[in-house]
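Single-structure report; data block below.
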Amino acid sequence: IRFWSNLFVVVSFLFSFKVVCGYPISIFFIVVNEFCERFSYYGMRAVLVLYFKYFLQWDDDLATSIYHTFVALCYLTPILGAIVADSWLGKFKTIIYLSIVYAIGQVAMAVSAIHDITDSDRDGTPNNMTFHVVLSMVGLFLIALGTGGIKPCVAAFGGDQFDDHQEKQRRTFFSVFYLCINGGSLLSTIITPILRGKHATIKRLNSIVKAVH
């Protein structure tokens, strides 16, 4: 409780300032959010084919086909996001609503990878693979809708935070913004497979220990 109280005080304090170092306070949240979003997306994508092959037990052809279908959908949904933002909701509401959809998709993907949910006999193998497949496909669809839907809105929304006389700050924002996109993508592509490799090693060691006992 104390942690959340302190966090609330800090956030309230930050929002009491409309401008920090000559930049609108909202800019810092936009940049950090974009870094985290790219880290999340590319981190998940880096191990997606491995998830298809070794958890869902798909062959190479099916895993590759679904992977590329997902990537293609991620680059088609920005058209939908732009139409929704320009015609109905506006950039801010589009970002908020589709970010929620995005988060739900990531949660669905994470839950679909928990084999204990359907592993009733506790042998380390899911007993109802259909559940995991359906949940992962729903998760991927929601992720594609979310990441693609906000793509045409975030950069433009960030640019809207500046006044006409803040041309220098606007240029700096876009430089940092795209640096965060590429930085988040690069780091997650490197870090996520490493973390997965360590987890796989620990899992194998646990299996060996159980087999010995």
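We name chains A, B, ... following the order of the structure tokens; residues begin at 1 in each chain, and ligands are numbered from 1 as shown.
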Secondary structure check, strand (DSSP E or B) residues of chain A, as number ranges by chain: A: 19-20, 23-24
Export of the given selection (C-alpha atoms) as an mmCIF file, in the first residue's frame:
data_model
loop_
_atom_site.group_PDB
_atom_site.id
_atom_site.type_symbol
_atom_site.label_atom_id
_atom_site.label_comp_id
_atom_site.auth_asym_id
_atom_site.auth_seq_id
_atom_site.Cartn_x
_atom_site.Cartn_y
_atom_site.Cartn_z
ATOM 1 C CA VAL A 19 6.640 21.611 -18.926
ATOM 2 C CA VAL A 20 9.931 19.980 -17.898
ATOM 3 C CA TYR A 23 9.262 19.812 -23.109
ATOM 4 C CA PRO A 24 5.619 18.978 -22.329
#
For CA of Asp116 (chain A) and CA of Lys53 (chain A), the interatomic separation in Å (one decimal): 18.3 Å
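Residues in contact with Phe174 (chain A) at 12 Å, where only C-alpha atoms are counted and same-chain residues fewer than 5 positions away are skipped, are listed as Ile27, Phe28, Ile30, Val31, Glu34, Val154, Ala155, Ala156, Phe157, Gly158, Gly159, Asp160, Gln161, Phe162, Glu167, Lys168, Gln169, Leu179, Cys180 and Ile181 of chain A.
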List every residue of region 112-166 of chain A that DSSP, applied to the backbone of this structure, assigns to helix (DSSP H, G or I), and report them as an mmCIF file with C-alpha atoms, in the first residue's frame.
data_model
loop_
_atom_site.group_PDB
_atom_site.id
_atom_site.type_symbol
_atom_site.label_atom_id
_atom_site.label_comp_id
_atom_site.auth_asym_id
_atom_site.auth_seq_id
_atom_site.Cartn_x
_atom_site.Cartn_y
_atom_site.Cartn_z
ATOM 1 C CA SER A 112 -1.509 -19.801 -23.371
ATOM 2 C CA HIS A 115 1.066 -25.804 -19.645
ATOM 3 C CA ASP A 116 -0.049 -26.399 -16.042
ATOM 4 C CA ILE A 117 -3.483 -24.980 -16.879
ATOM 5 C CA MET A 129 -3.657 -28.499 -26.714
ATOM 6 C CA THR A 130 -6.705 -27.034 -28.457
ATOM 7 C CA PHE A 131 -7.167 -24.626 -25.536
ATOM 8 C CA HIS A 132 -3.585 -23.355 -25.885
ATOM 9 C CA VAL A 133 -3.816 -23.020 -29.661
ATOM 10 C CA VAL A 134 -7.098 -21.098 -29.571
ATOM 11 C CA LEU A 135 -5.946 -18.806 -26.765
ATOM 12 C CA SER A 136 -2.636 -18.070 -28.476
ATOM 13 C CA MET A 137 -4.356 -17.285 -31.785
ATOM 14 C CA VAL A 138 -6.791 -14.932 -30.038
ATOM 15 C CA GLY A 139 -3.832 -13.315 -28.293
ATOM 16 C CA LEU A 140 -1.908 -12.847 -31.532
ATOM 17 C CA PHE A 141 -4.927 -11.325 -33.247
ATOM 18 C CA LEU A 142 -5.420 -8.841 -30.399
ATOM 19 C CA ILE A 143 -1.706 -7.990 -30.403
ATOM 20 C CA ALA A 144 -1.761 -7.385 -34.162
ATOM 21 C CA LEU A 145 -4.830 -5.190 -33.792
ATOM 22 C CA GLY A 146 -3.285 -3.253 -30.917
ATOM 23 C CA THR A 147 0.263 -2.740 -32.162
ATOM 24 C CA GLY A 148 -0.869 -1.909 -35.677
ATOM 25 C CA GLY A 149 -3.785 0.242 -34.576
ATOM 26 C CA ILE A 150 -1.675 2.586 -32.469
ATOM 27 C CA LYS A 151 1.219 2.736 -34.941
ATOM 28 C CA PRO A 152 -0.095 5.647 -37.074
ATOM 29 C CA CYS A 153 -1.269 7.569 -33.995
ATOM 30 C CA VAL A 154 1.548 7.715 -31.461
ATOM 31 C CA ALA A 155 4.138 9.737 -33.391
ATOM 32 C CA ALA A 156 1.498 12.191 -34.605
ATOM 33 C CA PHE A 157 0.039 12.481 -31.108
ATOM 34 C CA GLY A 158 3.517 13.244 -29.755
ATOM 35 C CA GLY A 159 4.027 15.960 -32.347
#
Point-to-point distance in Å for CA of Cys36 (chain A) and CA of Lys91 (chain A): 19.2 Å
